[in-house]
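Trainee: Take a look at the following structure, please.
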Amino acid sequence: MAAKTSTTRTRATEPLNRLIRLDRLEFRKLLDLYFEALRADWLHHDTRQMFGTEAAADKGHTAASAWSACTVSLLALHDMRTVDLDLRAAVEVLLKTCPDQMPSSGGLMRCGTEMLALANKHKRSGSDVLPLLDEAFCLIEAYHGNQALMSAQRAA
């Protein structure tokens, strides 16, 4: 049995090979962590009206932990030798948006513009990187929107 040749044509496996490339899988995981960090930030902001409560402290810890996991994932992906060059550039953009970099509204807008430019490079090619870059752009835009809404609520 083991000596038989494969019945699957090599060309049939090409679409699957794109899906299981390690850099794409790691970037997908990173986007999930980034989303969780944004969500944790929002939940923390939502409970901050209850100053000094245990719930607010717990949400703050959850947000900090989520951003820490996201940052570790960003750094690990940045250090991968086999990562696609545009994914590496996207990681560098996302690193600028981490809370330790104190991203301003203008900084998030610039990062969104950089990410959109990276995604637009792949629009006509049908690249498997395009959906990842598009989602990264959307997450940066959501972050910018969350930050603006949180600022407006604090000012009110």
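Here's how to read the names in the structure tokens: chain A, B, ... by the order shown, residue numbers from 1 in each chain, ligand numbers from 1 in the order shown.
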Within 12 Å of segment 38-48 of chain A, counting only C-alpha atoms, which residues qualify if same-chain residues fewer than 4 places away don't, as a compact mmCIF listing (two decimals) with N, CA, C and O atoms, in the first residue's frame?

Mentor:
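Generated output (out_11.txt):
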# COMPACT_ATOMS: atom_id res chain seq x y z
N LEU A 31 -4.17 38.31 13.66
CA LEU A 31 -5.37 39.13 13.46
C LEU A 31 -6.44 38.79 14.50
O LEU A 31 -7.13 39.68 15.00
N ASP A 32 -6.57 37.51 14.83
CA ASP A 32 -7.52 37.12 15.86
C ASP A 32 -7.12 37.71 17.21
O ASP A 32 -7.98 38.19 17.96
N LEU A 33 -5.84 37.69 17.53
CA LEU A 33 -5.36 38.27 18.79
C LEU A 33 -5.56 39.78 18.81
O LEU A 33 -5.91 40.36 19.84
N TYR A 34 -5.33 40.43 17.68
CA TYR A 34 -5.52 41.87 17.58
C TYR A 34 -6.98 42.22 17.82
O TYR A 34 -7.30 43.16 18.56
N GLY A 52 -12.76 52.00 40.55
CA GLY A 52 -12.40 51.29 41.76
C GLY A 52 -13.10 49.96 41.94
O GLY A 52 -12.88 49.29 42.93
N THR A 53 -13.94 49.56 41.00
CA THR A 53 -14.62 48.28 41.16
C THR A 53 -13.70 47.14 40.72
O THR A 53 -12.77 47.33 39.93
N GLU A 54 -14.00 45.99 41.25
CA GLU A 54 -13.20 44.82 40.88
C GLU A 54 -13.38 44.48 39.40
O GLU A 54 -12.44 44.04 38.74
N ALA A 55 -14.58 44.71 38.88
CA ALA A 55 -14.86 44.43 37.47
C ALA A 55 -13.97 45.28 36.56
O ALA A 55 -13.43 44.79 35.57
N ALA A 56 -13.81 46.55 36.90
CA ALA A 56 -12.97 47.44 36.09
C ALA A 56 -11.52 46.98 36.13
O ALA A 56 -10.83 46.99 35.10
N ALA A 57 -11.05 46.59 37.30
CA ALA A 57 -9.68 46.10 37.41
C ALA A 57 -9.48 44.81 36.62
O ALA A 57 -8.46 44.64 35.94
N ASP A 58 -10.46 43.92 36.68
CA ASP A 58 -10.38 42.67 35.92
C ASP A 58 -10.34 42.93 34.42
O ASP A 58 -9.56 42.32 33.70
N LYS A 59 -11.20 43.85 33.95
CA LYS A 59 -11.22 44.17 32.53
C LYS A 59 -9.92 44.84 32.09
O LYS A 59 -9.43 44.62 30.99
N GLY A 60 -9.35 45.65 32.96
CA GLY A 60 -8.06 46.27 32.66
C GLY A 60 -6.97 45.23 32.52
O GLY A 60 -6.13 45.30 31.61
N HIS A 61 -6.98 44.26 33.42
CA HIS A 61 -5.99 43.18 33.36
C HIS A 61 -6.19 42.34 32.09
O HIS A 61 -5.21 41.98 31.41
N THR A 62 -7.45 42.07 31.75
CA THR A 62 -7.75 41.30 30.54
C THR A 62 -7.26 42.04 29.29
O THR A 62 -6.66 41.43 28.39
N ALA A 63 -7.49 43.35 29.25
CA ALA A 63 -7.04 44.14 28.09
C ALA A 63 -5.52 44.15 28.00
O ALA A 63 -4.97 43.98 26.91
N ALA A 64 -4.86 44.35 29.11
CA ALA A 64 -3.39 44.35 29.10
C ALA A 64 -2.84 43.00 28.66
O ALA A 64 -1.88 42.93 27.88
N SER A 65 -3.45 41.93 29.13
CA SER A 65 -3.01 40.59 28.74
C SER A 65 -3.25 40.33 27.25
O SER A 65 -2.41 39.72 26.58
N ALA A 66 -4.38 40.80 26.76
CA ALA A 66 -4.69 40.61 25.34
C ALA A 66 -3.69 41.37 24.46
O ALA A 66 -3.21 40.84 23.45
N TRP A 67 -3.37 42.60 24.84
CA TRP A 67 -2.39 43.36 24.06
C TRP A 67 -1.01 42.74 24.16
O TRP A 67 -0.24 42.74 23.19
N SER A 68 -0.69 42.18 25.31
CA SER A 68 0.60 41.52 25.47
C SER A 68 0.70 40.30 24.55
O SER A 68 1.72 40.12 23.85
N CYS A 70 -0.94 39.83 21.81
CA CYS A 70 -0.90 40.33 20.45
C CYS A 70 0.51 40.82 20.09
O CYS A 70 1.02 40.51 19.01
N THR A 97 0.86 50.40 16.08
CA THR A 97 -0.45 50.67 16.66
C THR A 97 -0.61 50.10 18.07
O THR A 97 -1.65 50.31 18.69
N CYS A 98 0.37 49.37 18.54
CA CYS A 98 0.28 48.78 19.87
C CYS A 98 0.28 49.86 20.94
O CYS A 98 0.90 50.91 20.77
N PRO A 99 -0.43 49.62 22.05
CA PRO A 99 -0.54 50.65 23.09
C PRO A 99 0.79 51.16 23.63
O PRO A 99 0.87 52.33 24.01
N CYS A 138 -8.96 46.79 8.12
CA CYS A 138 -10.25 46.97 8.80
C CYS A 138 -10.08 47.04 10.32
O CYS A 138 -10.75 47.83 10.99
N LEU A 139 -9.18 46.24 10.86
CA LEU A 139 -8.94 46.26 12.30
C LEU A 139 -8.32 47.59 12.75
O LEU A 139 -8.68 48.12 13.80
N ILE A 140 -7.42 48.12 11.94
CA ILE A 140 -6.84 49.42 12.28
C ILE A 140 -7.92 50.50 12.23
O ILE A 140 -7.98 51.38 13.10
N GLU A 141 -8.78 50.43 11.24
CA GLU A 141 -9.88 51.40 11.15
C GLU A 141 -10.82 51.26 12.34
O GLU A 141 -11.29 52.27 12.88
N ALA A 142 -11.11 50.04 12.76
CA ALA A 142 -11.96 49.83 13.93
C ALA A 142 -11.28 50.39 15.18
O ALA A 142 -11.95 51.00 16.03
N TYR A 143 -9.98 50.19 15.30
CA TYR A 143 -9.22 50.72 16.42
C TYR A 143 -9.33 52.25 16.44
O TYR A 143 -9.58 52.85 17.49
N HIS A 144 -9.17 52.86 15.28
CA HIS A 144 -9.27 54.32 15.19
C HIS A 144 -10.67 54.78 15.60
O HIS A 144 -10.82 55.75 16.35
N GLY A 145 -11.69 54.09 15.14
CA GLY A 145 -13.06 54.43 15.50
C GLY A 145 -13.32 54.25 16.99
O GLY A 145 -13.95 55.10 17.62
N ASN A 146 -12.85 53.15 17.55
CA ASN A 146 -13.00 52.91 18.99
C ASN A 146 -12.33 54.01 19.79
O ASN A 146 -12.89 54.52 20.77
N GLN A 147 -11.12 54.37 19.38
CA GLN A 147 -10.37 55.40 20.10
C GLN A 147 -11.11 56.73 20.05
O GLN A 147 -11.21 57.43 21.06
N ALA A 148 -11.67 57.08 18.91
CA ALA A 148 -12.41 58.34 18.78
C ALA A 148 -13.67 58.32 19.65
O ALA A 148 -13.97 59.31 20.33
N LEU A 149 -14.38 57.21 19.65
CA LEU A 149 -15.59 57.10 20.46
C LEU A 149 -15.26 57.15 21.95
O LEU A 149 -15.96 57.83 22.72
N MET A 150 -14.21 56.46 22.36
CA MET A 150 -13.83 56.49 23.76
C MET A 150 -13.44 57.90 24.20
O MET A 150 -13.80 58.35 25.29
N SER A 151 -12.71 58.61 23.34
CA SER A 151 -12.32 59.99 23.65
C SER A 151 -13.55 60.88 23.78
O SER A 151 -13.63 61.71 24.68
N ALA A 152 -14.50 60.71 22.89
CA ALA A 152 -15.72 61.53 22.92
C ALA A 152 -16.52 61.25 24.18
O ALA A 152 -17.05 62.16 24.81
N GLN A 153 -16.60 59.99 24.58
CA GLN A 153 -17.36 59.63 25.79
C GLN A 153 -16.68 60.16 27.05
O GLN A 153 -17.35 60.56 27.98
N ARG A 154 -15.35 60.15 27.06
CA ARG A 154 -14.63 60.68 28.24
C ARG A 154 -14.82 62.19 28.34
O ARG A 154 -14.87 62.73 29.43

Trainee: Give me, as a tab-separated table, the closest atom pair and its distance (Å, one decimal) for every residue of segment 75-105 of chain A within a cut-off of 9 Å of segment 27-30 of chain A, counting only C-alpha atoms, rows sorted by chain and rising number.

Mentor:
residue	atom	partner	partner_atom	distance
A:Leu77	CA	A:Phe27	CA	7.2
A:Leu87	CA	A:Phe27	CA	7.6
A:Val91	CA	A:Phe27	CA	8.4

Trainee: Mind writing the picked residues with N, CA and C atoms as a compact mmCIF listing (two decimals), in the first residue's frame?

Mentor:
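Writing done, so here's selection-v4.txt:
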# COMPACT_ATOMS: atom_id res chain seq x y z
N LEU A 77 6.14 36.88 14.60
CA LEU A 77 5.95 36.89 13.15
C LEU A 77 6.99 37.76 12.47
N LEU A 87 3.63 40.77 4.26
CA LEU A 87 3.14 40.46 5.60
C LEU A 87 4.08 41.02 6.66
N VAL A 91 3.13 43.65 9.53
CA VAL A 91 3.47 43.47 10.94
C VAL A 91 4.12 44.74 11.49

Trainee: Can you tell me which residues surround segment 128-133 of chain A at a distance of at most 8 Å, considering only C-alpha atoms, apart from same-chain residues fewer than 6 positions away, and format the answer as a PyMOL selection string?

Mentor: chain A and resi 18+24+27-28+87+90+115-116+118-119+122

Trainee: Mind the document's chain letters and residue numbers, and return as number ranges by chain the residues of chain A that DSSP labels helix (DSSP H, G or I).

Mentor: A: 10-19, 22-47, 54-79, 85-95, 99-101, 105-120, 130-155

Trainee: Give the answer as one residue: which of A:Asp23, A:Thr82, A:Ala37, A:Thr71 has the shortest atom-to-atom distance to Leu95 of chain A, using only C-alpha atoms?

Mentor: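 Smallest separation from Leu95 of chain A among the options: A:Thr71.
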
Trainee: Point out the residue among A:Ala136, A:Ala89, A:Leu22, A:Leu75 with the least atom-to-atom distance to Gly112 of chain A, counting only C-alpha atoms.

Mentor: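 With only C-alpha atoms as the atom set, the closest residue is A:Ala136.
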
Trainee: What gap, in Å, lies between atom CA of Asn120 of chain A and atom CA of Glu135 of chain A?

Mentor: 12.5 Å
